[in-house]
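File shown: data07.txt. Contents: compact mmCIF, C-alpha atoms.
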```
# COMPACT_ATOMS: atom_id res chain seq x y z
CA MET A 238 0.00 0.00 0.00
CA ARG A 239 1.38 3.40 -1.05
CA THR A 240 -0.14 6.59 0.40
CA LEU A 241 1.03 10.05 -0.62
CA ILE A 242 0.24 13.04 1.61
CA ARG A 243 0.69 15.98 -0.71
CA GLY A 244 1.49 19.60 0.08
CA ALA A 245 1.18 19.53 3.88
CA ARG A 246 3.12 21.60 6.35
CA VAL A 247 5.36 19.05 8.11
CA PHE A 248 6.71 19.16 11.65
CA THR A 249 9.48 16.58 11.51
CA GLY A 250 9.86 16.38 15.28
CA GLU A 251 12.63 18.95 15.14
CA ARG A 252 11.93 21.45 12.37
CA ILE A 253 9.13 22.74 10.17
CA LEU A 254 8.90 22.13 6.43
CA PRO A 255 6.44 24.75 5.11
CA LYS A 256 5.16 22.53 2.28
CA SER A 257 6.20 18.97 1.61
CA ASP A 258 5.08 15.60 0.28
CA VAL A 259 5.32 12.53 2.53
CA LEU A 260 5.04 8.99 1.19
CA ILE A 261 3.94 5.97 3.23
CA VAL A 262 4.95 2.57 1.87
CA GLY A 263 3.68 -0.31 3.96
CA ASP A 264 4.39 0.55 7.59
CA ARG A 265 7.25 2.98 6.88
CA ILE A 266 7.86 6.55 5.80
CA ALA A 267 9.63 6.66 2.42
CA GLU A 268 11.16 9.27 0.13
CA PRO A 269 8.62 10.41 -2.48
CA ASP A 270 9.72 8.70 -5.70
CA GLY A 271 7.33 10.07 -8.30
CA LEU A 272 5.62 6.74 -8.75
CA ARG A 273 1.88 6.42 -8.59
CA ALA A 274 0.38 6.07 -5.10
CA ASP A 275 -2.63 3.94 -4.27
CA VAL A 276 -4.08 6.78 -2.18
CA GLU A 277 -3.39 10.51 -2.36
CA ILE A 278 -4.40 12.88 0.43
CA ASP A 279 -4.48 16.65 -0.03
CA GLY A 280 -2.54 18.24 2.82
CA THR A 281 -3.19 21.84 1.79
CA GLY A 282 -3.80 23.94 4.91
CA LYS A 283 -2.97 21.00 7.16
CA THR A 284 0.02 20.01 9.29
CA LEU A 285 1.52 16.54 9.44
CA LEU A 286 2.98 15.54 12.82
CA PRO A 287 4.76 12.43 14.09
CA GLY A 288 2.38 10.26 16.09
CA LEU A 289 2.13 11.63 19.63
CA ILE A 290 3.84 9.73 22.45
CA ASP A 291 2.34 9.98 25.94
CA ALA A 292 5.28 9.44 28.29
CA HIS A 293 3.22 8.53 31.37
CA VAL A 294 -0.01 6.50 31.41
CA HIS A 295 -1.66 3.51 33.09
CA VAL A 296 -3.45 1.22 30.64
CA SER A 297 -6.34 -1.18 30.75
CA ASP A 298 -8.98 -2.43 28.34
CA GLY A 299 -10.16 0.10 25.77
CA MET A 300 -7.58 2.75 26.62
CA LEU A 301 -5.07 2.03 23.85
CA ALA A 302 -7.89 2.38 21.33
CA GLN A 303 -9.05 5.67 22.86
CA ALA A 304 -5.50 7.01 22.82
CA LEU A 305 -5.13 6.34 19.09
CA THR A 306 -8.40 8.11 18.37
CA PHE A 307 -6.74 11.31 19.60
CA GLY A 308 -3.49 10.85 17.68
CA VAL A 309 -1.48 9.23 20.50
CA THR A 310 0.21 6.36 18.67
CA THR A 311 2.44 5.20 21.56
CA GLU A 312 1.74 5.06 25.30
CA LEU A 313 4.46 4.58 27.94
CA ASP A 314 2.82 2.79 30.86
CA MET A 315 4.20 3.37 34.37
CA PHE A 316 2.49 0.59 36.38
CA CYS A 317 0.71 -2.46 35.04
CA LEU A 318 0.11 -5.82 36.67
CA PRO A 319 1.35 -8.89 34.76
CA GLY A 320 -1.97 -10.32 33.54
CA ASN A 321 -3.24 -6.99 32.27
CA LEU A 322 0.13 -6.12 30.74
CA ALA A 323 0.28 -9.38 28.79
CA ARG A 324 -3.21 -8.69 27.42
CA GLN A 325 -2.43 -5.11 26.42
CA ARG A 326 0.92 -6.04 24.84
CA ARG A 327 -0.78 -8.74 22.78
CA LEU A 328 -3.41 -6.25 21.63
CA ALA A 329 -0.81 -3.66 20.61
CA ALA A 330 1.25 -6.25 18.75
CA GLU A 331 -1.62 -7.84 16.84
CA ARG A 332 -3.82 -4.85 15.96
CA ASP A 333 -3.31 -1.51 14.30
CA ASP A 334 -6.43 0.20 15.66
CA VAL A 335 -4.82 0.73 19.09
CA ALA A 336 -1.77 2.65 20.28
CA ASP A 337 1.55 0.89 20.73
CA LEU A 338 2.73 0.19 24.28
CA ARG A 339 5.83 0.13 26.45
CA SER A 340 5.67 -0.51 30.22
CA SER A 341 7.53 -0.65 33.51
CA GLY A 342 5.34 -3.53 34.64
CA VAL A 343 5.09 -3.52 38.44
CA LEU A 344 6.56 -0.38 39.99
CA ALA A 345 8.87 -0.38 43.02
CA THR A 346 7.17 0.89 46.17
CA ALA A 347 7.28 0.18 49.90
CA PRO A 348 4.76 -2.28 51.39
CA GLY A 349 1.62 -0.18 51.77
CA GLY A 350 3.19 2.68 49.79
CA HIS A 351 1.66 4.68 46.95
CA PRO A 352 -0.47 3.61 45.07
CA SER A 353 -1.67 0.99 47.58
CA GLN A 354 -3.94 3.54 49.23
CA ILE A 355 -5.82 4.05 45.97
CA MET A 356 -6.43 0.32 45.64
CA ALA A 357 -7.78 0.18 49.19
CA ALA A 358 -10.10 3.11 48.51
CA GLU A 359 -11.37 1.44 45.34
CA GLY A 360 -12.16 -1.84 47.10
CA GLY A 361 -9.44 -3.79 45.31
CA ALA A 362 -10.71 -3.45 41.75
CA LEU A 363 -8.89 -0.87 39.68
CA ASP A 364 -9.40 -0.80 35.94
CA TRP A 365 -6.07 0.97 35.40
CA LEU A 366 -4.21 -1.96 36.95
CA GLY A 367 -6.24 -4.57 35.12
CA ASP A 368 -8.57 -7.18 36.51
CA ALA A 369 -9.38 -7.62 40.21
CA VAL A 370 -6.23 -6.52 41.98
CA GLY A 371 -4.38 -8.96 44.18
CA PRO A 372 -1.02 -8.63 45.95
CA PHE A 373 1.90 -7.36 43.90
CA ASP A 374 5.63 -7.21 44.55
CA THR A 375 6.87 -4.47 46.87
CA ILE A 376 10.30 -3.75 48.30
CA ALA A 377 11.24 -3.06 51.92
CA ASP A 378 15.04 -2.95 51.97
CA ALA A 379 18.06 -2.51 49.74
CA GLY A 380 18.94 -6.18 49.89
CA GLN A 381 15.83 -7.01 47.86
CA ALA A 382 16.69 -4.68 44.96
CA LYS A 383 18.43 -7.18 42.67
CA ALA A 384 15.65 -9.74 43.03
CA PHE A 385 12.97 -7.09 42.50
CA VAL A 386 14.61 -5.88 39.29
CA ALA A 387 15.18 -9.45 38.07
CA ALA A 388 11.46 -10.10 38.47
CA ARG A 389 10.67 -7.01 36.37
CA VAL A 390 13.06 -8.14 33.66
CA ALA A 391 11.35 -11.54 33.65
CA GLU A 392 8.01 -9.75 33.17
CA GLY A 393 9.44 -8.01 30.11
CA ALA A 394 9.61 -4.51 31.64
CA ASP A 395 10.99 -1.85 29.31
CA TYR A 396 12.20 0.40 32.16
CA LEU A 397 12.04 0.57 35.96
CA LYS A 398 9.60 2.82 37.85
CA ILE A 399 10.45 3.76 41.47
CA VAL A 400 8.04 5.53 43.85
CA ILE A 401 9.51 8.15 46.21
CA ASP A 402 6.46 9.78 47.78
CA ASN A 403 5.26 9.69 51.40
CA GLY A 404 2.11 11.68 50.62
CA THR A 405 2.91 14.60 52.95
CA SER A 406 2.40 17.23 50.25
CA ALA A 407 -1.27 16.21 50.21
CA GLY A 408 -1.67 15.64 53.95
CA LEU A 409 -1.27 11.86 53.73
CA ASP A 410 1.14 9.63 55.64
CA LEU A 411 2.29 6.77 53.40
CA PRO A 412 5.12 4.26 53.79
CA VAL A 413 8.00 5.07 51.45
CA ILE A 414 11.28 3.40 50.54
CA GLY A 415 14.43 5.00 51.94
CA PRO A 416 17.22 6.66 49.95
CA ASP A 417 19.40 3.56 50.29
CA VAL A 418 16.69 1.44 48.66
CA VAL A 419 16.28 3.95 45.84
CA GLU A 420 20.03 3.89 45.22
CA ALA A 421 20.11 0.08 45.22
CA LEU A 422 17.19 -0.08 42.77
CA VAL A 423 18.82 2.41 40.40
CA GLU A 424 22.07 0.45 40.51
CA ALA A 425 20.29 -2.87 39.89
CA GLY A 426 18.16 -1.35 37.14
CA HIS A 427 21.16 0.04 35.32
CA ALA A 428 23.00 -3.26 35.68
CA ALA A 429 20.03 -4.95 33.98
CA GLY A 430 20.04 -2.40 31.15
CA LEU A 431 16.90 -0.59 32.28
CA ARG A 432 16.28 3.15 32.40
CA THR A 433 15.11 4.26 35.83
CA ILE A 434 12.24 6.68 36.37
CA ALA A 435 11.20 8.05 39.76
CA HIS A 436 7.70 9.06 40.80
CA VAL A 437 8.23 12.23 42.84
CA ALA A 438 5.90 14.88 44.24
CA THR A 439 8.18 17.14 46.29
CA ALA A 440 11.55 18.84 46.11
CA ARG A 441 12.80 16.44 48.79
CA ASP A 442 11.72 13.42 46.72
CA THR A 443 13.48 14.90 43.71
CA ALA A 444 16.75 15.40 45.59
CA ILE A 445 16.69 11.76 46.74
CA ALA A 446 16.15 10.59 43.16
CA LEU A 447 18.99 12.77 41.88
CA ASP A 448 21.34 11.54 44.62
CA ALA A 449 20.60 7.98 43.51
CA GLY A 450 21.50 8.66 39.86
CA ILE A 451 18.00 8.43 38.40
CA ASP A 452 17.52 8.80 34.62
CA GLY A 453 14.13 10.51 34.65
CA LEU A 454 11.42 11.95 36.88
CA ALA A 455 7.82 10.90 36.34
CA HIS A 456 6.33 14.21 37.48
CA VAL A 457 7.45 17.80 37.98
CA PHE A 458 7.71 18.32 41.73
CA HIS A 459 4.87 20.58 42.85
CA ASP A 460 5.26 21.49 46.53
CA SER A 461 7.51 24.52 45.95
CA ALA A 462 5.73 27.86 45.46
CA PRO A 463 6.71 30.20 42.62
CA GLY A 464 9.91 32.05 43.49
CA ASP A 465 11.19 29.41 45.90
CA PRO A 466 15.00 29.33 45.43
CA VAL A 467 14.96 25.56 46.01
CA THR A 468 13.30 25.16 42.61
CA GLU A 469 16.13 26.96 40.82
CA GLU A 470 18.74 24.92 42.69
CA LEU A 471 17.08 21.61 41.87
CA ALA A 472 16.49 22.60 38.25
CA ALA A 473 20.21 23.27 37.87
CA ARG A 474 20.95 19.82 39.31
CA VAL A 475 18.41 18.11 37.05
CA ALA A 476 19.90 19.83 34.00
CA GLY A 477 23.47 19.17 35.08
CA GLN A 478 22.83 15.45 35.52
CA GLY A 479 21.01 15.18 32.18
CA VAL A 480 17.82 13.92 33.82
CA PHE A 481 14.59 14.18 31.83
CA VAL A 482 11.27 15.15 33.44
CA VAL A 483 7.84 13.90 32.37
CA SER A 484 5.58 16.90 32.91
CA THR A 485 2.13 15.42 33.88
CA LEU A 486 0.64 18.91 34.27
CA ALA A 487 -2.77 17.67 33.11
CA TYR A 488 -2.67 15.00 35.82
CA ILE A 489 -1.95 17.50 38.58
CA GLU A 490 -4.69 19.75 37.22
CA SER A 491 -7.17 16.86 37.11
CA ILE A 492 -6.41 15.53 40.58
CA THR A 493 -6.72 18.97 42.18
CA GLN A 494 -9.93 19.36 40.13
CA ASP A 495 -8.86 22.76 38.86
CA PRO A 496 -11.87 24.07 36.90
CA ARG A 497 -9.73 25.44 34.07
CA GLY A 498 -9.17 21.92 32.78
CA ALA A 499 -12.85 21.58 31.87
CA GLU A 500 -12.23 23.55 28.69
CA LEU A 501 -10.83 20.37 27.14
CA VAL A 502 -14.10 18.42 27.22
CA ARG A 503 -16.06 21.53 26.21
CA ASP A 504 -14.00 21.74 23.02
CA GLU A 505 -16.16 20.07 20.38
CA ARG A 506 -13.07 18.79 18.56
CA ILE A 507 -12.35 16.70 21.66
CA ALA A 508 -15.91 16.03 22.83
CA ALA A 509 -16.93 14.55 19.48
CA ARG A 510 -14.35 11.77 19.87
CA LEU A 511 -14.84 11.08 23.58
CA PRO A 512 -16.78 7.99 24.75
CA GLU A 513 -19.56 8.61 27.27
CA ARG A 514 -17.84 6.27 29.75
CA SER A 515 -14.83 8.59 29.81
CA ARG A 516 -16.96 11.66 30.44
CA ALA A 517 -18.61 9.99 33.43
CA ALA A 518 -15.26 9.06 34.96
CA LEU A 519 -14.27 12.71 35.34
CA ASP A 520 -16.39 13.18 38.46
CA ARG A 521 -14.65 10.57 40.65
CA ASP A 522 -13.23 11.46 44.06
CA HIS A 523 -9.47 12.05 43.83
CA SER A 524 -8.74 12.73 47.50
CA VAL A 525 -6.62 9.59 48.02
CA VAL A 526 -4.05 10.71 45.43
CA PRO A 527 -1.07 12.61 46.89
CA VAL A 528 -1.02 16.01 45.18
CA HIS A 529 -0.34 19.39 46.78
CA PRO A 530 -3.51 21.57 46.93
CA GLN A 531 -1.66 24.36 45.08
CA GLY A 532 -0.21 21.79 42.73
CA VAL A 533 -1.22 23.40 39.43
CA VAL A 534 0.27 26.82 40.18
CA ASN A 535 3.40 25.26 41.63
CA ALA A 536 3.79 22.71 38.83
CA LEU A 537 3.47 25.29 36.06
CA SER A 538 6.07 27.44 37.80
CA THR A 539 8.42 24.48 38.32
CA ALA A 540 8.02 23.39 34.69
CA ALA A 541 8.93 26.91 33.57
CA VAL A 542 12.06 26.92 35.74
CA LEU A 543 13.09 23.47 34.51
CA HIS A 544 12.59 24.56 30.90
CA ARG A 545 14.67 27.71 31.34
CA ALA A 546 17.42 25.59 32.92
CA GLY A 547 17.57 23.45 29.78
CA VAL A 548 15.92 20.32 31.18
CA ALA A 549 14.30 17.99 28.64
CA LEU A 550 10.56 18.08 29.39
CA LEU A 551 8.58 15.13 28.01
CA ALA A 552 4.82 15.39 27.57
CA GLY A 553 3.07 12.85 29.75
CA THR A 554 -0.41 12.94 31.21
CA ASP A 555 -0.60 10.10 33.77
CA ALA A 556 -3.82 9.13 32.02
CA ASN A 557 -5.50 6.27 33.87
CA PHE A 558 -8.97 4.83 34.43
CA PHE A 559 -10.62 8.05 35.63
CA ALA A 560 -8.62 11.23 34.93
CA PRO A 561 -6.83 12.48 32.97
CA LEU A 562 -8.36 10.91 29.90
CA HIS A 563 -6.34 8.70 27.58
CA GLY A 564 -5.51 10.44 24.33
CA ALA A 565 -7.64 13.51 24.90
CA SER A 566 -5.57 14.78 27.83
CA MET A 567 -2.43 14.97 25.68
CA HIS A 568 -3.98 17.96 23.95
CA ARG A 569 -4.48 19.67 27.32
CA GLU A 570 -0.91 18.77 28.32
CA LEU A 571 0.42 20.46 25.20
CA LEU A 572 -1.49 23.64 26.03
CA LEU A 573 -0.23 23.61 29.63
CA LEU A 574 3.35 23.19 28.43
CA VAL A 575 2.93 26.28 26.28
CA GLU A 576 1.50 28.12 29.29
CA ALA A 577 4.65 27.07 31.18
CA GLY A 578 6.80 28.86 28.61
CA LEU A 579 7.52 26.35 25.85
CA THR A 580 6.89 27.44 22.29
CA PRO A 581 4.31 25.39 20.40
CA GLN A 582 7.13 23.78 18.43
CA GLN A 583 8.96 22.85 21.66
CA ALA A 584 5.74 21.42 23.11
CA LEU A 585 5.26 19.28 19.99
CA ALA A 586 8.83 18.01 20.30
CA ALA A 587 8.05 17.13 23.94
CA ALA A 588 5.28 14.85 22.67
CA THR A 589 7.17 13.28 19.75
CA ARG A 590 10.95 13.35 19.30
CA LEU A 591 11.99 13.76 22.94
CA PRO A 592 10.09 10.79 24.43
CA ALA A 593 11.37 8.64 21.58
CA LEU A 594 14.93 9.82 22.27
CA HIS A 595 14.90 9.38 26.04
CA PHE A 596 13.08 6.04 26.02
CA GLY A 597 15.18 4.57 23.22
CA LEU A 598 12.34 4.33 20.68
CA THR A 599 14.61 4.70 17.67
CA ASP A 600 11.96 3.83 15.07
CA ARG A 601 9.49 6.66 15.79
CA GLY A 602 8.98 10.19 17.09
CA SER A 603 10.08 11.96 13.89
CA ILE A 604 9.06 12.16 10.24
CA LEU A 605 12.06 10.75 8.42
CA PRO A 606 12.43 8.07 5.72
CA GLY A 607 12.77 4.61 7.23
CA LEU A 608 10.89 5.34 10.44
CA ARG A 609 7.50 3.89 11.36
CA ALA A 610 4.56 5.57 9.68
CA ASP A 611 2.95 6.70 12.95
CA LEU A 612 1.49 10.01 11.83
CA VAL A 613 -1.20 12.58 12.62
CA LEU A 614 -2.61 15.07 10.12
CA VAL A 615 -4.39 18.08 11.63
CA ASP A 616 -6.22 21.07 10.20
CA GLY A 617 -4.39 24.36 10.71
CA ASP A 618 -0.97 25.07 12.15
CA PRO A 619 -0.22 23.88 15.71
CA THR A 620 3.29 25.35 15.46
CA ARG A 621 1.57 28.73 15.77
CA GLY A 622 -1.47 27.82 17.89
CA ILE A 623 -1.03 24.60 19.84
CA THR A 624 -4.75 23.79 20.15
CA ALA A 625 -4.79 23.04 16.42
CA THR A 626 -3.62 19.53 17.40
CA ARG A 627 -7.23 18.93 18.43
CA ALA A 628 -8.46 19.32 14.84
CA ILE A 629 -7.49 15.79 13.84
CA ALA A 630 -8.08 14.97 10.19
CA GLU A 631 -6.21 11.65 9.84
CA VAL A 632 -4.24 9.20 11.99
CA TRP A 633 -1.92 6.42 10.81
CA ARG A 634 -0.47 3.72 13.04
CA ARG A 635 2.20 1.51 11.41
CA GLY A 636 1.03 2.90 8.07
CA VAL A 637 -2.60 1.88 8.63
CA ARG A 638 -5.04 4.75 8.12
CA GLN A 639 -7.60 4.86 10.91
CA PRO A 640 -11.33 5.21 10.27
CA ARG A 641 -12.40 8.85 10.39
```

Structure encoded using structure tokens:
Amino acid sequence: MRTLIRGARVFTGERILPKSDVLIVGDRIAEPDGLRADVEIDGTGKTLLPGLIDAHVHVSDGMLAQALTFGVTTELDMFCLPGNLARQRRLAAERDDVADLRSSGVLATAPGGHPSQIMAAEGGALDWLGDAVGPFDTIADAGQAKAFVAARVAEGADYLKIVIDNGTSAGLDLPVIGPDVVEALVEAGHAAGLRTIAHVATARDTAIALDAGIDGLAHVFHDSAPGDPVTEELAARVAGQGVFVVSTLAYIESITQDPRGAELVRDERIAARLPERSRAALDRDHSVVPVHPQGVVNALSTAAVLHRAGVALLAGTDANFFAPLHGASMHRELLLLVEAGLTPQQALAAATRLPALHFGLTDRGSILPGLRADLVLVDGDPTRGITATRAIAEVWRRGVRQPR
């Protein structure tokens, strides 16, 4: 199958081509060769983007399909129990009407640590973790680190997720692993060839992760108020150590139930694609999730400081079974990144090229010959107005054009 997208503005993941032709041959992007295509699509007035990559989600049934509907062609899962993960991996491998998937499998947390309190509040049945939730591996001391990581490797984990969060920023008191355990996990993860990503909520959590040699942070820390000198100091450390940060601004906004986030589901370009089940999930109680009450203001400020320091910010939403919403929330995340000081082009890179780079996804994230044909065509120019990403005209996953 040969598909030619003619005359579109192209954001390659790094630069803008004002008007270009892009050829899809099979599941790959190819150089236009002048030969006849089976399908031609007029890209006039439209912008072609690499498929979006959400760098922080939790998946369960139906969510990979919903993500693809909104142009998210790859989801990076940050906690998934083995049975559910096997099911979702099989789905992503066998079908082209769902997003692709990478996962940490079971995350590393203390016995009773986050997110155990959410499971207890939900009565032991969380869609975002899969079927009825039973016990899962936790870690209590540094001596267990090698065995814990070995078990994740056996599960097929693509990277290692480590929770450093005692809940105090939200008034909770949760068990948390100590700095020595974090350090042992990072060492064992690296020895096994895994990138290490830390769930953090506070400046203190972030410092512990940096001391341990972490590769990435799964949230911007959001307990420091704007102007706090600690933020500048930590941002310099994050930049100096080459650590990436997954933004999750939409998650913090959703959990604090900031009313400004409602604009997303009021936007008809989003609402028209959103299942009723997802709309209903927005009203759930989020009080068991550890987020600072001023989290949105603090997180936007921290993201701005990190960006100015030269830290690689990756667009991630922490989409799960209630809020934020899979796929849809990426378009809110992009807007929040722009509000934090990124240009629209930098925000688009945060959702395409940069996650691919930092998670070792060498076959995607950019529009270049030889890469996977994971693509999104939108009306208008999101490099000038970021909300144009919501005007989705076409989506391809592995070269397969999705139903409109």

Atom CA of Trp633 of chain A and atom CA of Leu322 of chain A, how far apart in Å?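 Interatomic distance here is 23.6 Å.
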
Selected residue of minimal separation from Gln494 of chain A among A:Ala476, A:Pro561, A:Leu286, A:Thr433, counting all atoms listed in the file: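 The answer is A:Pro561, which sits nearest to Gln494 of chain A.
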
The residues within 12 Å of (10.9, 26.2, 35.7), using only C-alpha atoms and the coordinates of the file, should be reported as a VMD selection string; which are they?
chain A and resid 457 to 459 461 to 473 475 to 476 482 484 534 to 550 574 576 to 579

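Between Phe596 of chain A and the candidates A:Gly426, A:Gly308, A:Gly453, A:Gly244, the tightest atom-to-atom separation, counting all atoms listed in the file, involves A:Gly453.
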
Next item on the list: Point out the residue among A:Gly288, A:Gly450, A:Pro352, A:Pro319 with the least atom-to-atom distance to Asp417 of chain A, counting only C-alpha atoms.
Entry: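 Nearest to Asp417 of chain A: A:Gly450.
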
Interatomic distance between atom CA of Leu344 of chain A and atom CA of Lys398 of chain A?
->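 Atom CA of Lys398 of chain A lies at a distance of 4.9 Å from atom CA of Leu344 of chain A.
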
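Nearest residue to Ser353 of chain A, choosing from A:Leu422, A:Leu598, A:Ala630, A:Val400 and counting all atoms listed in the file: A:Val400.
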
* Selection: 9 Å around segment 338-342 of chain A, all atoms listed in the file, excl. self and same-chain fewer than 5 positions, as an MDAnalysis selection string -> chainID A and resid 295:296 301 310:319 322 325:326 329:330 389 392:398

When you count only C-alpha atoms, which of these residues is closest to Met567 of chain A: A:Ala347, A:Ala587, A:Val615, A:Ile604?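 Closest to Met567 of chain A, using only C-alpha atoms: A:Ala587.
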
task = One decimal, Å: what's the distance from atom CA of Ala449 of chain A over to atom CA of Phe373 of chain A, could you say?
result =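 Separating atom CA of Ala449 of chain A from atom CA of Phe373 of chain A is a distance of 24.2 Å.
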
* Kindly extract all protein, DNA and RNA residues lying within 12 Å of the coordinates (-4.0, 2.2, 14.1) given in the file, considering all atoms listed in the file, and supply them as an MDAnalysis selection string. => chainID A and resid 264 288 301:311 328:337 609:613 631:641

Inset, instruction - Could you tell me which of A:Val413, A:Ala438, A:Ile623, A:Ala245 comes closest to Gly282 of chain A if we count only C-alpha atoms? - result: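 Under the stated criterion, the closest residue is A:Ala245.
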
Worksheet item: Quick one: residues within 8 Å of Arg590 of chain A, all atoms listed in the file counted, chain neighbours fewer than 4 positions away excluded, as a list in words?
Response: Gly250, Glu251, Ala586, Leu594, Arg601, Gly602 and Ser603 of chain A

Suppose we keep C-alpha atoms; can you now write the selection as a CSV table (one decimal), in the frame of the given file?
```csv
chain,number,residue,atom,x,y,z
A,250,GLY,CA,9.9,16.4,15.3
A,251,GLU,CA,12.6,19.0,15.1
A,586,ALA,CA,8.8,18.0,20.3
A,594,LEU,CA,14.9,9.8,22.3
A,601,ARG,CA,9.5,6.7,15.8
A,602,GLY,CA,9.0,10.2,17.1
A,603,SER,CA,10.1,12.0,13.9
```

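Within the 10 Å cut-off around Gly415 of chain A, using all atoms listed in the file and omitting residues fewer than 2 positions from it on the same chain, the listed residues are Ala347, Ala377, Asp378, Ala379, Ile401, Pro412, Val413, Asp417, Val418, Val419, Glu420 and Ile445 of chain A.
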
- Message: Excluding Asp618 of chain A and its own-chain neighbours fewer than 6 positions away, which residues fall within 9 Å of it when counting all atoms listed in the file? Please give them as a list in words.
- Response: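 Non-adjacent residues within range: Arg246, Gly282, Lys283, Thr284, Thr624, Ala625 and Thr626 of chain A.
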
Output C-alpha atoms of each residue in that selection to a file, as a compact mmCIF listing (two decimals), in the coordinates of the input.
```
# COMPACT_ATOMS: atom_id res chain seq x y z
CA ARG A 246 3.12 21.60 6.35
CA GLY A 282 -3.80 23.94 4.91
CA LYS A 283 -2.97 21.00 7.16
CA THR A 284 0.02 20.01 9.29
CA THR A 624 -4.75 23.79 20.15
CA ALA A 625 -4.79 23.04 16.42
CA THR A 626 -3.62 19.53 17.40
```

List the spatial neighbours of Glu490 of chain A as a ChimeraX atom specification - criterion: any atom at most 10 Å away, all atoms listed in the file, same-chain residues fewer than 3 positions off excluded.
/A:485-487,493-499,528,530-534,536-537,560-561,569-570,573

Can you spit out segment 553-568 of chain A with N, CA and C atoms, as an mmCIF file, in the first residue's frame, from the structure just given?
```cif
data_model
loop_
_atom_site.group_PDB
_atom_site.id
_atom_site.type_symbol
_atom_site.label_atom_id
_atom_site.label_comp_id
_atom_site.auth_asym_id
_atom_site.auth_seq_id
_atom_site.Cartn_x
_atom_site.Cartn_y
_atom_site.Cartn_z
ATOM 1 N N GLY A 553 3.730 14.034 29.218
ATOM 2 C CA GLY A 553 3.071 12.848 29.751
ATOM 3 C C GLY A 553 1.887 13.296 30.568
ATOM 4 N N THR A 554 0.825 12.508 30.578
ATOM 5 C CA THR A 554 -0.415 12.944 31.208
ATOM 6 C C THR A 554 -0.769 12.191 32.479
ATOM 7 N N ASP A 555 -0.172 11.008 32.701
ATOM 8 C CA ASP A 555 -0.596 10.098 33.767
ATOM 9 C C ASP A 555 -2.048 9.675 33.567
ATOM 10 N N ALA A 556 -2.463 9.592 32.318
ATOM 11 C CA ALA A 556 -3.823 9.132 32.019
ATOM 12 C C ALA A 556 -4.036 7.751 32.619
ATOM 13 N N ASN A 557 -5.207 7.547 33.221
ATOM 14 C CA ASN A 557 -5.496 6.272 33.870
ATOM 15 C C ASN A 557 -6.955 5.928 33.672
ATOM 16 N N PHE A 558 -7.597 5.312 34.652
ATOM 17 C CA PHE A 558 -8.966 4.835 34.433
ATOM 18 C C PHE A 558 -10.021 5.877 34.785
ATOM 19 N N PHE A 559 -9.602 7.013 35.380
ATOM 20 C CA PHE A 559 -10.616 8.048 35.627
ATOM 21 C C PHE A 559 -10.185 9.398 35.069
ATOM 22 N N ALA A 560 -9.070 9.941 35.460
ATOM 23 C CA ALA A 560 -8.620 11.225 34.933
ATOM 24 C C ALA A 560 -7.137 11.365 35.202
ATOM 25 N N PRO A 561 -6.410 11.946 34.270
ATOM 26 C CA PRO A 561 -6.831 12.479 32.972
ATOM 27 C C PRO A 561 -7.253 11.382 31.993
ATOM 28 N N LEU A 562 -7.789 11.826 30.875
ATOM 29 C CA LEU A 562 -8.356 10.910 29.897
ATOM 30 C C LEU A 562 -7.306 10.485 28.879
ATOM 31 N N HIS A 563 -7.287 9.200 28.573
ATOM 32 C CA HIS A 563 -6.338 8.702 27.576
ATOM 33 C C HIS A 563 -6.541 9.422 26.243
ATOM 34 N N GLY A 564 -5.462 9.784 25.628
ATOM 35 C CA GLY A 564 -5.507 10.437 24.328
ATOM 36 C C GLY A 564 -5.918 11.888 24.409
ATOM 37 N N ALA A 565 -7.116 12.148 24.857
ATOM 38 C CA ALA A 565 -7.642 13.512 24.901
ATOM 39 C C ALA A 565 -6.767 14.424 25.751
ATOM 40 N N SER A 566 -6.308 13.920 26.898
ATOM 41 C CA SER A 566 -5.575 14.778 27.826
ATOM 42 C C SER A 566 -4.223 15.212 27.285
ATOM 43 N N MET A 567 -3.675 14.519 26.287
ATOM 44 C CA MET A 567 -2.427 14.970 25.685
ATOM 45 C C MET A 567 -2.586 16.359 25.086
ATOM 46 N N HIS A 568 -3.760 16.659 24.574
ATOM 47 C CA HIS A 568 -3.981 17.961 23.952
ATOM 48 C C HIS A 568 -4.099 19.073 25.004
#
```
